>>> print(open('model-v3.cif').read())   # mmCIF, C-alpha atoms and all ligand atoms
data_structure
#
loop_
_atom_site.label_atom_id
_atom_site.label_comp_id
_atom_site.auth_asym_id
_atom_site.auth_seq_id
_atom_site.Cartn_x
_atom_site.Cartn_y
_atom_site.Cartn_z
CA MET A 1 -4.33 32.07 -2.20
CA ALA A 2 -0.80 32.63 -0.88
CA VAL A 3 0.12 30.80 2.32
CA THR A 4 1.50 32.92 5.16
CA ARG A 5 4.61 31.17 6.39
CA ILE A 6 5.41 31.85 10.01
CA SER A 7 9.01 31.69 11.14
CA PHE A 8 9.33 28.54 13.18
CA ARG A 9 11.22 26.72 15.96
CA ASP A 10 13.40 24.57 13.69
CA GLY A 11 13.92 27.41 11.23
CA GLY A 12 11.20 25.94 8.98
CA ALA A 13 7.61 27.09 8.74
CA ARG A 14 4.36 26.15 10.44
CA LYS A 15 2.56 23.94 7.99
CA ARG A 16 -1.11 23.23 7.45
CA VAL A 17 -1.33 19.47 7.32
CA LEU A 18 -4.35 17.44 6.24
CA VAL A 19 -4.48 14.03 7.90
CA ALA A 20 -7.08 11.84 6.21
CA GLY A 21 -7.94 9.04 8.62
CA GLY A 22 -6.63 11.19 11.49
CA ALA A 23 -8.97 9.64 14.08
CA GLY A 24 -7.58 6.15 13.47
CA PHE A 25 -4.80 4.38 15.33
CA LEU A 26 -1.85 5.76 13.35
CA GLY A 27 -3.60 9.00 12.42
CA CYS A 28 -4.21 10.13 16.01
CA HIS A 29 -0.57 9.55 16.99
CA LEU A 30 0.59 11.39 13.88
CA SER A 31 -1.80 14.28 14.65
CA ASP A 32 -0.39 14.50 18.19
CA ARG A 33 3.17 14.66 16.89
CA LEU A 34 2.38 17.25 14.21
CA ILE A 35 0.62 19.45 16.78
CA GLU A 36 3.52 18.99 19.21
CA ALA A 37 5.85 20.17 16.45
CA GLY A 38 3.70 23.30 16.11
CA HIS A 39 1.87 22.52 12.85
CA ARG A 40 -1.83 22.96 12.13
CA VAL A 41 -3.72 19.72 11.63
CA ILE A 42 -6.96 19.26 9.76
CA CYS A 43 -8.23 15.77 10.50
CA LEU A 44 -10.64 14.30 7.95
CA ASP A 45 -12.33 11.09 9.00
CA ASN A 46 -15.65 9.28 8.59
CA LEU A 47 -15.13 7.46 11.93
CA SER A 48 -15.83 4.09 10.31
CA THR A 49 -13.01 2.37 12.21
CA GLY A 50 -11.54 5.40 13.99
CA GLN A 51 -12.79 6.67 17.33
CA SER A 52 -13.57 10.28 18.22
CA SER A 53 -12.04 9.45 21.63
CA ASN A 54 -8.66 9.09 19.86
CA VAL A 55 -8.63 12.83 19.12
CA GLU A 56 -10.87 14.08 21.94
CA HIS A 57 -7.88 15.61 23.73
CA LEU A 58 -7.09 17.67 20.61
CA LEU A 59 -10.60 18.98 19.96
CA GLY A 60 -10.20 22.29 21.82
CA HIS A 61 -6.66 22.87 20.52
CA PRO A 62 -6.36 26.04 18.43
CA HIS A 63 -4.24 24.20 15.83
CA PHE A 64 -6.57 21.24 15.40
CA THR A 65 -9.72 20.93 13.30
CA PHE A 66 -11.85 17.83 12.87
CA ILE A 67 -13.99 17.41 9.75
CA ALA A 68 -16.34 14.44 9.49
CA HIS A 69 -16.00 13.37 5.86
CA ASP A 70 -15.82 10.27 3.68
CA VAL A 71 -12.83 10.55 1.31
CA VAL A 72 -14.81 8.65 -1.33
CA GLU A 73 -16.58 12.02 -1.81
CA PRO A 74 -14.69 15.06 -3.17
CA ILE A 75 -12.62 16.81 -0.51
CA PRO A 76 -14.52 19.78 0.98
CA PHE A 77 -13.29 23.30 0.32
CA MET A 78 -10.78 24.53 2.89
CA ARG A 79 -7.85 26.90 3.16
CA ARG A 80 -4.79 25.75 1.30
CA VAL A 81 -2.77 22.95 2.89
CA ASP A 82 0.96 22.25 2.54
CA GLN A 83 1.04 18.52 3.23
CA ILE A 84 -1.42 15.64 3.11
CA TYR A 85 -1.09 12.26 4.81
CA ASN A 86 -3.55 9.72 3.44
CA LEU A 87 -4.19 7.21 6.23
CA ALA A 88 -7.90 6.80 5.49
CA CYS A 89 -8.55 3.09 5.12
CA PRO A 90 -9.49 0.34 7.56
CA ALA A 91 -6.31 -1.56 8.36
CA SER A 92 -7.27 -4.75 10.16
CA PRO A 93 -8.48 -7.72 8.08
CA PRO A 94 -11.83 -8.07 9.94
CA SER A 95 -12.61 -4.38 9.42
CA TYR A 96 -11.58 -4.09 5.77
CA GLN A 97 -13.41 -7.34 4.97
CA LYS A 98 -16.67 -6.11 6.55
CA ASP A 99 -17.49 -4.00 3.46
CA PRO A 100 -14.95 -4.89 0.77
CA ILE A 101 -16.48 -2.62 -1.88
CA GLN A 102 -16.27 0.36 0.46
CA THR A 103 -12.62 -0.63 1.15
CA LEU A 104 -11.88 -0.60 -2.58
CA LYS A 105 -13.71 2.71 -3.03
CA THR A 106 -11.89 4.23 -0.05
CA ASN A 107 -8.56 3.21 -1.49
CA CYS A 108 -9.15 4.12 -5.14
CA LEU A 109 -11.61 7.03 -5.04
CA GLY A 110 -10.25 8.34 -1.75
CA ALA A 111 -6.70 8.48 -3.12
CA LEU A 112 -7.93 10.03 -6.38
CA ASN A 113 -9.80 12.77 -4.52
CA LEU A 114 -6.82 13.45 -2.27
CA LEU A 115 -4.36 13.48 -5.18
CA ARG A 116 -6.55 16.00 -7.04
CA PHE A 117 -6.71 18.05 -3.86
CA ALA A 118 -2.91 17.84 -3.53
CA GLN A 119 -2.52 18.98 -7.14
CA SER A 120 -4.80 22.01 -6.72
CA ASN A 121 -3.08 22.91 -3.41
CA GLN A 122 0.43 22.23 -4.73
CA ALA A 123 0.77 20.15 -1.56
CA ARG A 124 2.99 17.15 -0.98
CA ILE A 125 1.04 13.97 -0.37
CA LEU A 126 2.08 10.80 1.44
CA GLN A 127 0.21 7.53 0.98
CA SER A 128 0.03 4.91 3.69
CA SER A 129 0.56 1.80 1.64
CA THR A 130 1.26 -1.57 3.19
CA SER A 131 3.54 -4.58 3.31
CA GLU A 132 0.44 -6.40 2.00
CA VAL A 133 1.32 -5.17 -1.52
CA TYR A 134 3.85 -8.03 -1.42
CA GLY A 135 0.94 -10.47 -0.89
CA ASP A 136 2.10 -13.88 0.30
CA PRO A 137 5.76 -13.19 -0.49
CA THR A 138 8.17 -15.80 -1.77
CA VAL A 139 11.08 -13.54 -0.76
CA SER A 140 11.74 -12.57 2.86
CA PRO A 141 12.47 -9.91 3.94
CA GLN A 142 10.98 -8.03 0.99
CA PRO A 143 13.05 -5.31 -0.65
CA GLU A 144 11.01 -2.52 -2.28
CA SER A 145 12.09 -3.89 -5.67
CA TYR A 146 10.19 -7.16 -5.06
CA PHE A 147 6.94 -7.16 -7.08
CA GLY A 148 5.03 -9.48 -4.75
CA ASN A 149 3.01 -12.66 -4.97
CA VAL A 150 -0.56 -11.45 -4.86
CA ASN A 151 -4.03 -12.90 -5.28
CA THR A 152 -6.28 -10.52 -7.21
CA VAL A 153 -9.48 -12.38 -6.26
CA GLY A 154 -8.96 -13.51 -2.66
CA PRO A 155 -10.61 -12.36 0.58
CA ARG A 156 -7.78 -9.86 1.17
CA SER A 157 -7.79 -8.48 -2.39
CA CYS A 158 -10.02 -5.51 -1.60
CA TYR A 159 -7.22 -4.22 0.61
CA ASP A 160 -4.06 -5.48 -1.11
CA GLU A 161 -5.18 -4.67 -4.66
CA GLY A 162 -6.68 -1.36 -3.53
CA LYS A 163 -3.31 -0.34 -2.13
CA ARG A 164 -1.51 -1.48 -5.29
CA VAL A 165 -3.83 0.64 -7.48
CA VAL A 166 -3.17 3.61 -5.21
CA GLU A 167 0.59 3.23 -5.63
CA ALA A 168 0.06 3.29 -9.43
CA LEU A 169 -2.17 6.38 -9.11
CA PHE A 170 0.51 8.12 -7.07
CA ARG A 171 3.12 7.33 -9.71
CA GLU A 172 0.96 8.78 -12.50
CA PHE A 173 0.02 11.94 -10.60
CA ARG A 174 3.71 12.47 -9.93
CA LEU A 175 4.79 11.89 -13.54
CA GLN A 176 1.82 13.32 -15.45
CA ARG A 177 0.75 16.13 -13.12
CA GLY A 178 3.88 17.04 -11.17
CA VAL A 179 2.46 16.22 -7.73
CA SER A 180 5.09 15.69 -5.04
CA THR A 181 4.38 12.22 -3.67
CA ARG A 182 5.69 9.85 -1.02
CA ILE A 183 4.70 6.21 -0.50
CA ALA A 184 5.21 4.39 2.81
CA ARG A 185 4.79 0.61 2.77
CA ILE A 186 3.91 0.15 6.42
CA PHE A 187 4.53 -3.12 8.25
CA ASN A 188 2.49 -4.35 11.24
CA THR A 189 2.43 -1.58 13.86
CA TYR A 190 1.18 -1.67 17.44
CA GLY A 191 0.81 0.59 20.45
CA PRO A 192 -1.56 2.54 22.68
CA ARG A 193 -5.02 3.45 21.37
CA MET A 194 -5.22 0.36 19.15
CA SER A 195 -8.80 -0.76 19.36
CA PRO A 196 -9.18 -3.89 21.55
CA GLN A 197 -11.59 -5.12 18.85
CA ASP A 198 -9.08 -4.40 16.08
CA GLY A 199 -8.67 -8.10 15.32
CA ARG A 200 -4.96 -8.00 14.53
CA VAL A 201 -2.54 -10.24 16.27
CA VAL A 202 -0.87 -7.96 18.85
CA SER A 203 -4.12 -6.54 20.25
CA ASN A 204 -5.84 -9.95 20.09
CA PHE A 205 -3.06 -11.60 22.10
CA VAL A 206 -2.82 -8.80 24.68
CA VAL A 207 -6.60 -8.69 25.17
CA GLN A 208 -6.77 -12.49 25.47
CA ALA A 209 -3.83 -12.67 27.91
CA LEU A 210 -5.25 -9.89 30.11
CA ALA A 211 -8.53 -11.83 30.28
CA GLY A 212 -6.64 -15.04 31.12
CA GLU A 213 -7.99 -16.68 27.95
CA ASP A 214 -6.03 -18.88 25.57
CA LEU A 215 -4.23 -17.06 22.79
CA THR A 216 -5.57 -17.89 19.32
CA VAL A 217 -2.67 -18.83 17.06
CA TYR A 218 -3.79 -19.35 13.45
CA GLY A 219 -1.97 -22.24 11.77
CA ASP A 220 1.14 -23.56 13.50
CA GLY A 221 2.37 -20.07 14.36
CA SER A 222 5.50 -20.35 12.22
CA GLN A 223 4.43 -17.46 9.96
CA THR A 224 6.47 -14.33 10.63
CA ARG A 225 5.75 -10.64 10.96
CA SER A 226 7.76 -7.61 12.03
CA PHE A 227 6.14 -5.46 14.71
CA CYS A 228 6.86 -1.75 14.88
CA TYR A 229 6.05 0.49 17.83
CA VAL A 230 3.73 3.31 16.79
CA ASP A 231 6.04 6.19 17.87
CA ASP A 232 8.81 4.81 15.66
CA LEU A 233 6.43 4.43 12.74
CA VAL A 234 5.22 8.03 13.10
CA THR A 235 8.85 9.21 13.18
CA GLY A 236 9.36 7.30 9.94
CA LEU A 237 6.25 8.76 8.30
CA MET A 238 7.25 12.32 9.18
CA ALA A 239 10.84 11.75 8.02
CA LEU A 240 9.59 10.35 4.72
CA MET A 241 7.27 13.32 4.24
CA GLU A 242 10.24 15.67 4.76
CA ALA A 243 12.64 13.60 2.65
CA PRO A 244 14.10 15.20 -0.48
CA ASP A 245 12.30 14.81 -3.80
CA ALA A 246 14.70 12.05 -4.87
CA VAL A 247 12.76 9.76 -2.50
CA GLN A 248 9.73 9.27 -4.75
CA ASP A 249 9.69 5.49 -4.84
CA PRO A 250 7.92 3.39 -2.19
CA VAL A 251 9.77 2.97 1.10
CA ASN A 252 9.29 0.07 3.53
CA LEU A 253 8.62 1.33 7.07
CA GLY A 254 8.69 -1.04 10.01
CA ASN A 255 10.80 -2.98 12.46
CA PRO A 256 13.55 -4.81 10.55
CA CYS A 257 13.42 -7.82 12.93
CA GLU A 258 11.06 -10.70 12.14
CA PHE A 259 9.26 -12.82 14.74
CA THR A 260 7.09 -15.89 14.42
CA ILE A 261 3.53 -15.59 15.67
CA LEU A 262 4.30 -18.32 18.20
CA GLU A 263 7.23 -16.28 19.57
CA LEU A 264 4.89 -13.32 19.91
CA ALA A 265 2.30 -15.43 21.76
CA ARG A 266 4.95 -16.68 24.22
CA THR A 267 6.33 -13.15 24.72
CA VAL A 268 2.86 -11.79 25.52
CA ILE A 269 2.10 -14.64 27.97
CA ASP A 270 5.50 -14.29 29.69
CA THR A 271 5.43 -10.49 29.87
CA LEU A 272 1.93 -10.36 31.34
CA LYS A 273 2.55 -13.47 33.48
CA ALA A 274 -0.81 -14.66 32.13
CA PRO A 275 -2.28 -18.07 33.03
CA SER A 276 -3.22 -18.44 29.31
CA GLY A 277 -2.39 -21.36 27.07
CA ILE A 278 -2.25 -21.41 23.27
CA GLN A 279 -5.14 -22.55 21.09
CA PHE A 280 -4.20 -23.45 17.52
CA LEU A 281 -6.90 -22.55 14.96
CA ASP A 282 -7.08 -22.92 11.16
CA LEU A 283 -4.97 -20.45 9.19
CA PRO A 284 -7.25 -18.01 7.29
CA VAL A 285 -7.15 -18.08 3.45
CA ASP A 286 -4.29 -15.98 1.96
P1 LIG A 301 -7.44 2.52 11.48
O1 LIG A 301 -8.55 1.69 10.96
O2 LIG A 301 -7.27 2.65 12.94
O3 LIG A 301 -7.55 4.00 10.88
C1 LIG A 301 -8.07 4.29 9.62
C2 LIG A 301 -8.87 5.59 9.75
O4 LIG A 301 -9.41 5.91 8.46
C3 LIG A 301 -10.04 5.44 10.72
O5 LIG A 301 -10.10 6.56 11.57
C4 LIG A 301 -11.26 5.39 9.80
O6 LIG A 301 -12.44 5.88 10.41
C5 LIG A 301 -10.79 6.24 8.63
N1 LIG A 301 -11.46 5.93 7.37
C6 LIG A 301 -11.67 4.70 6.82
N2 LIG A 301 -12.33 4.83 5.66
C7 LIG A 301 -12.53 6.16 5.47
C8 LIG A 301 -13.18 6.92 4.47
N3 LIG A 301 -13.75 6.35 3.40
N4 LIG A 301 -13.21 8.27 4.60
C9 LIG A 301 -12.65 8.87 5.68
N5 LIG A 301 -12.04 8.20 6.67
C10 LIG A 301 -11.98 6.86 6.56
O7 LIG A 301 -6.11 1.99 10.80
P2 LIG A 301 -4.60 2.38 11.09
O8 LIG A 301 -3.95 1.21 11.72
O9 LIG A 301 -4.51 3.70 11.74
O10 LIG A 301 -4.05 2.48 9.60
C11 LIG A 301 -3.91 3.73 8.94
C12 LIG A 301 -3.38 3.52 7.53
O11 LIG A 301 -2.13 2.84 7.59
C13 LIG A 301 -4.29 2.68 6.65
O12 LIG A 301 -4.26 3.21 5.34
C14 LIG A 301 -3.64 1.32 6.65
O13 LIG A 301 -3.89 0.62 5.45
C15 LIG A 301 -2.17 1.69 6.77
N6 LIG A 301 -1.41 0.59 7.39
C16 LIG A 301 -1.51 0.36 8.73
C17 LIG A 301 -0.80 -0.70 9.31
C18 LIG A 301 -0.84 -0.96 10.77
O14 LIG A 301 -0.17 -1.89 11.24
N7 LIG A 301 -1.57 -0.19 11.57
C19 LIG A 301 -0.02 -1.53 8.48
C20 LIG A 301 0.03 -1.28 7.12
C21 LIG A 301 -0.66 -0.21 6.58
N1 LIG A 302 -3.00 -14.15 13.76
C1 LIG A 302 -3.08 -15.12 14.73
N2 LIG A 302 -4.00 -14.96 15.74
C2 LIG A 302 -4.81 -13.87 15.82
C3 LIG A 302 -4.71 -12.86 14.82
C4 LIG A 302 -3.80 -13.05 13.81
O1 LIG A 302 -2.35 -16.12 14.71
O2 LIG A 302 -5.61 -13.79 16.77
C5 LIG A 302 -1.99 -14.32 12.70
C6 LIG A 302 -2.52 -14.09 11.29
O3 LIG A 302 -3.02 -15.30 10.74
C7 LIG A 302 -1.29 -13.61 10.56
C8 LIG A 302 -0.49 -12.87 11.63
O4 LIG A 302 -1.01 -13.30 12.88
O5 LIG A 302 -0.51 -14.71 10.11
C9 LIG A 302 -0.64 -11.36 11.55
O6 LIG A 302 -2.03 -11.09 11.43
P1 LIG A 302 -2.66 -9.65 11.54
O7 LIG A 302 -4.13 -9.80 11.35
O8 LIG A 302 -2.15 -8.99 12.77
O9 LIG A 302 -2.05 -8.79 10.35
P2 LIG A 302 -1.72 -9.07 8.82
O10 LIG A 302 -2.05 -10.49 8.48
O11 LIG A 302 -2.57 -8.10 8.10
O12 LIG A 302 -0.27 -8.77 8.76
#
>>> encode(input="model-v3.cif", output="structure tokens")
Amino acid sequence: MAVTRISFRDGGARKRVLVAGGAGFLGCHLSDRLIEAGHRVICLDNLSTGQSSNVEHLLGHPHFTFIAHDVVEPIPFMRRVDQIYNLACPASPPSYQKDPIQTLKTNCLGALNLLRFAQSNQARILQSSTSEVYGDPTVSPQPESYFGNVNTVGPRSCYDEGKRVVEALFREFRLQRGVSTRIARIFNTYGPRMSPQDGRVVSNFVVQALAGEDLTVYGDGSQTRSFCYVDDLVTGLMALMEAPDAVQDPVNLGNPCEFTILELARTVIDTLKAPSGIQFLDLPVD
């Protein structure tokens, strides 16, 4: 079926965009921005870690459709789409470790289903990969050319290895089947609508500080992360989606500045003027 392209604000065209995982933290912000830009968004989500409240404000919008669906199953029939963002995957360690086999299936089968759908729609598809493909890196900061230092059989493998397989799938669909692909290796991102139960460090610390509890620093807090504000990340995702075809290799997306976890804890306590102290706990495996 031919797509009707409507003449549009920026001289481009209104696109039909499928956002898998659109009710999650990143997905709902991306959906907002796509709608704001005038595109049509079809949000596909099984609400396993996402919240319907994240997209409640969009539900009556004429350019927004929500479809409850698990991407492990073939993608339901719908009108042709122009672009696909695959954000469907639990992102926080406690949530992806709750059902590791489902995490692997979501990554591998979900990406396969979406890639097939992209091929039949002749749509461009962007994968939300992760800095975790670098594992426990021996090189910091990690350039995209670094192959990583990964554990294939650790408690984080369902996520890290799942994402690595997906990157390989994307490469093969691009080379063997001509699908236009983009891969974003996303670094730790924070912002509004993160679940307070998410379990990652920024939300944990903020929730603990607001409750006046001690902040739980795992290990000695010298490990580093870069923290990206969600609006900036979404800008990066959309720019990568629109980037020319030469940009087919994975691209790191995140804040280029690194902070130790201890620095983050002190920043949160100072900013919120919280009475909290710091409790040092064992560093989790990997
Ligand atoms: P999130 O858990 O808030 O969102 C994931 C969404 O995917 C949720 O709405 C969930 O219900 C949905 N989902 C999970 N499994 C599904 C399935 N089988 N079928 C359909 N929907 C499913 O996580 P997030 O922080 O928004 O992360 C989005 C993507 O970005 C993930 O792929 C994650 O790996 C990647 N990423 C995020 C970060 C970050 O800091 N937030 C960092 C690196 C990578
Ligand atoms: N972390 C911590 N306290 C917490 C949660 C996490 O010290 O309450 C540490 C965690 O061990 C890791 C870093 O913060 O070294 C970032 O963890 P997070 O779970 O946010 O993300 P990821 O490890 O997936 O980057």
>>> closest_residue(input="model-v3.cif", among="A:Thr181, A:Ser128, A:Asp220, A:Val202", to="Pro244 (chain A)", atoms="all atoms listed in the file")
A:Thr181
>>> closest_residue(input="model-v3.cif", among="A:Tyr146, A:Phe259, A:Phe173, A:Phe187", to="ligand LIG 301 (chain A)", atoms="all atoms listed in the file")
A:Phe187
>>> atom_distance(input="model-v3.cif", atom1="CA of Val71 (chain A)", atom2="CA of Asn188 (chain A)")
23.6 Å
>>> closest_residue(input="model-v3.cif", among="A:His39, A:His61, A:Arg174, A:Arg266", to="Leu215 (chain A)", atoms="only C-alpha atoms")
A:Arg266
>>> closest_residue(input="model-v3.cif", among="A:Ile42, A:Ala265, A:Cys257, A:Val150", to="Asp136 (chain A)", atoms="only C-alpha atoms")
A:Val150
>>> residues_near_ligand(input="model-v3.cif", ligand="ligand LIG 301 (chain A)", cutoff="8 Å", atoms="all atoms listed in the file", output="VMD selection string")
chain A and resid 20 to 28 44 to 51 68 to 72 86 to 92 95 102 to 103 105 to 107 110 127 to 132 159 163 185 to 190 194 to 195 198 228
>>> write_last_selection(input="model-v3.cif", atoms="C-alpha atoms", output="PDB file, in the frame of the given file")
ATOM      1  CA  ALA A  20      -7.080  11.840   6.210  1.00  0.00           C
ATOM      2  CA  GLY A  21      -7.940   9.040   8.620  1.00  0.00           C
ATOM      3  CA  GLY A  22      -6.630  11.190  11.490  1.00  0.00           C
ATOM      4  CA  ALA A  23      -8.970   9.640  14.080  1.00  0.00           C
ATOM      5  CA  GLY A  24      -7.580   6.150  13.470  1.00  0.00           C
ATOM      6  CA  PHE A  25      -4.800   4.380  15.330  1.00  0.00           C
ATOM      7  CA  LEU A  26      -1.850   5.760  13.350  1.00  0.00           C
ATOM      8  CA  GLY A  27      -3.600   9.000  12.420  1.00  0.00           C
ATOM      9  CA  CYS A  28      -4.210  10.130  16.010  1.00  0.00           C
ATOM     10  CA  LEU A  44     -10.640  14.300   7.950  1.00  0.00           C
ATOM     11  CA  ASP A  45     -12.330  11.090   9.000  1.00  0.00           C
ATOM     12  CA  ASN A  46     -15.650   9.280   8.590  1.00  0.00           C
ATOM     13  CA  LEU A  47     -15.130   7.460  11.930  1.00  0.00           C
ATOM     14  CA  SER A  48     -15.830   4.090  10.310  1.00  0.00           C
ATOM     15  CA  THR A  49     -13.010   2.370  12.210  1.00  0.00           C
ATOM     16  CA  GLY A  50     -11.540   5.400  13.990  1.00  0.00           C
ATOM     17  CA  GLN A  51     -12.790   6.670  17.330  1.00  0.00           C
ATOM     18  CA  ALA A  68     -16.340  14.440   9.490  1.00  0.00           C
ATOM     19  CA  HIS A  69     -16.000  13.370   5.860  1.00  0.00           C
ATOM     20  CA  ASP A  70     -15.820  10.270   3.680  1.00  0.00           C
ATOM     21  CA  VAL A  71     -12.830  10.550   1.310  1.00  0.00           C
ATOM     22  CA  VAL A  72     -14.810   8.650  -1.330  1.00  0.00           C
ATOM     23  CA  ASN A  86      -3.550   9.720   3.440  1.00  0.00           C
ATOM     24  CA  LEU A  87      -4.190   7.210   6.230  1.00  0.00           C
ATOM     25  CA  ALA A  88      -7.900   6.800   5.490  1.00  0.00           C
ATOM     26  CA  CYS A  89      -8.550   3.090   5.120  1.00  0.00           C
ATOM     27  CA  PRO A  90      -9.490   0.340   7.560  1.00  0.00           C
ATOM     28  CA  ALA A  91      -6.310  -1.560   8.360  1.00  0.00           C
ATOM     29  CA  SER A  92      -7.270  -4.750  10.160  1.00  0.00           C
ATOM     30  CA  SER A  95     -12.610  -4.380   9.420  1.00  0.00           C
ATOM     31  CA  GLN A 102     -16.270   0.360   0.460  1.00  0.00           C
ATOM     32  CA  THR A 103     -12.620  -0.630   1.150  1.00  0.00           C
ATOM     33  CA  LYS A 105     -13.710   2.710  -3.030  1.00  0.00           C
ATOM     34  CA  THR A 106     -11.890   4.230  -0.050  1.00  0.00           C
ATOM     35  CA  ASN A 107      -8.560   3.210  -1.490  1.00  0.00           C
ATOM     36  CA  GLY A 110     -10.250   8.340  -1.750  1.00  0.00           C
ATOM     37  CA  GLN A 127       0.210   7.530   0.980  1.00  0.00           C
ATOM     38  CA  SER A 128       0.030   4.910   3.690  1.00  0.00           C
ATOM     39  CA  SER A 129       0.560   1.800   1.640  1.00  0.00           C
ATOM     40  CA  THR A 130       1.260  -1.570   3.190  1.00  0.00           C
ATOM     41  CA  SER A 131       3.540  -4.580   3.310  1.00  0.00           C
ATOM     42  CA  GLU A 132       0.440  -6.400   2.000  1.00  0.00           C
ATOM     43  CA  TYR A 159      -7.220  -4.220   0.610  1.00  0.00           C
ATOM     44  CA  LYS A 163      -3.310  -0.340  -2.130  1.00  0.00           C
ATOM     45  CA  ARG A 185       4.790   0.610   2.770  1.00  0.00           C
ATOM     46  CA  ILE A 186       3.910   0.150   6.420  1.00  0.00           C
ATOM     47  CA  PHE A 187       4.530  -3.120   8.250  1.00  0.00           C
ATOM     48  CA  ASN A 188       2.490  -4.350  11.240  1.00  0.00           C
ATOM     49  CA  THR A 189       2.430  -1.580  13.860  1.00  0.00           C
ATOM     50  CA  TYR A 190       1.180  -1.670  17.440  1.00  0.00           C
ATOM     51  CA  MET A 194      -5.220   0.360  19.150  1.00  0.00           C
ATOM     52  CA  SER A 195      -8.800  -0.760  19.360  1.00  0.00           C
ATOM     53  CA  ASP A 198      -9.080  -4.400  16.080  1.00  0.00           C
ATOM     54  CA  CYS A 228       6.860  -1.750  14.880  1.00  0.00           C
TER      55      CYS A 228
END
>>> residues_near_ligand(input="model-v3.cif", ligand="ligand LIG 302 (chain A)", cutoff="9 Å", atoms="all atoms listed in the file", output="PyMOL selection string")
chain A and resi 91-94+131-132+156+187-189+198-205+208+215-226+260-262+265+280-286
>>> atom_distance(input="model-v3.cif", atom1="CA of Asp99 (chain A)", atom2="CA of Leu30 (chain A)")
25.9 Å
>>> residues_near_point(input="model-v3.cif", point="(5.1, 16.4, 1.0)", cutoff="8 Å", atoms="all atoms listed in the file", output="PyMOL selection string")
chain A and resi 82-84+123-126+180-182+241-242
>>> build_atoms(input="model-v3.cif", residues="region 66-77 of chain A", atoms="N, CA, C and O atoms", output="compact mmCIF listing (two decimals), keeping the file's coordinate frame")
# COMPACT_ATOMS: atom_id res chain seq x y z
N PHE A 66 -11.33 19.13 13.30
CA PHE A 66 -11.85 17.83 12.87
C PHE A 66 -12.98 18.06 11.87
O PHE A 66 -13.89 18.85 12.12
N ILE A 67 -12.91 17.35 10.74
CA ILE A 67 -13.99 17.41 9.75
C ILE A 67 -14.48 16.00 9.50
O ILE A 67 -13.70 15.12 9.09
N ALA A 68 -15.76 15.76 9.78
CA ALA A 68 -16.34 14.44 9.49
C ALA A 68 -16.58 14.36 7.99
O ALA A 68 -17.36 15.15 7.44
N HIS A 69 -15.89 13.44 7.32
CA HIS A 69 -16.00 13.37 5.86
C HIS A 69 -15.53 12.01 5.37
O HIS A 69 -14.56 11.45 5.88
N ASP A 70 -16.22 11.51 4.35
CA ASP A 70 -15.82 10.27 3.68
C ASP A 70 -14.98 10.63 2.46
O ASP A 70 -15.46 11.36 1.58
N VAL A 71 -13.74 10.14 2.40
CA VAL A 71 -12.83 10.55 1.31
C VAL A 71 -13.27 10.02 -0.06
O VAL A 71 -12.73 10.43 -1.08
N VAL A 72 -14.25 9.12 -0.06
CA VAL A 72 -14.81 8.65 -1.33
C VAL A 72 -15.49 9.83 -2.05
O VAL A 72 -15.57 9.87 -3.27
N GLU A 73 -15.95 10.81 -1.26
CA GLU A 73 -16.58 12.02 -1.81
C GLU A 73 -15.49 13.08 -2.00
O GLU A 73 -14.49 13.09 -1.26
N PRO A 74 -15.70 14.02 -2.98
CA PRO A 74 -14.69 15.06 -3.17
C PRO A 74 -14.36 15.79 -1.86
O PRO A 74 -15.22 15.97 -1.01
N ILE A 75 -13.10 16.18 -1.75
CA ILE A 75 -12.62 16.81 -0.51
C ILE A 75 -13.27 18.19 -0.36
O ILE A 75 -13.28 18.97 -1.33
N PRO A 76 -13.84 18.49 0.82
CA PRO A 76 -14.52 19.78 0.98
C PRO A 76 -13.55 20.95 0.85
O PRO A 76 -12.35 20.82 1.09
N PHE A 77 -14.11 22.10 0.47
CA PHE A 77 -13.29 23.30 0.32
C PHE A 77 -12.69 23.68 1.68
O PHE A 77 -13.36 23.64 2.69
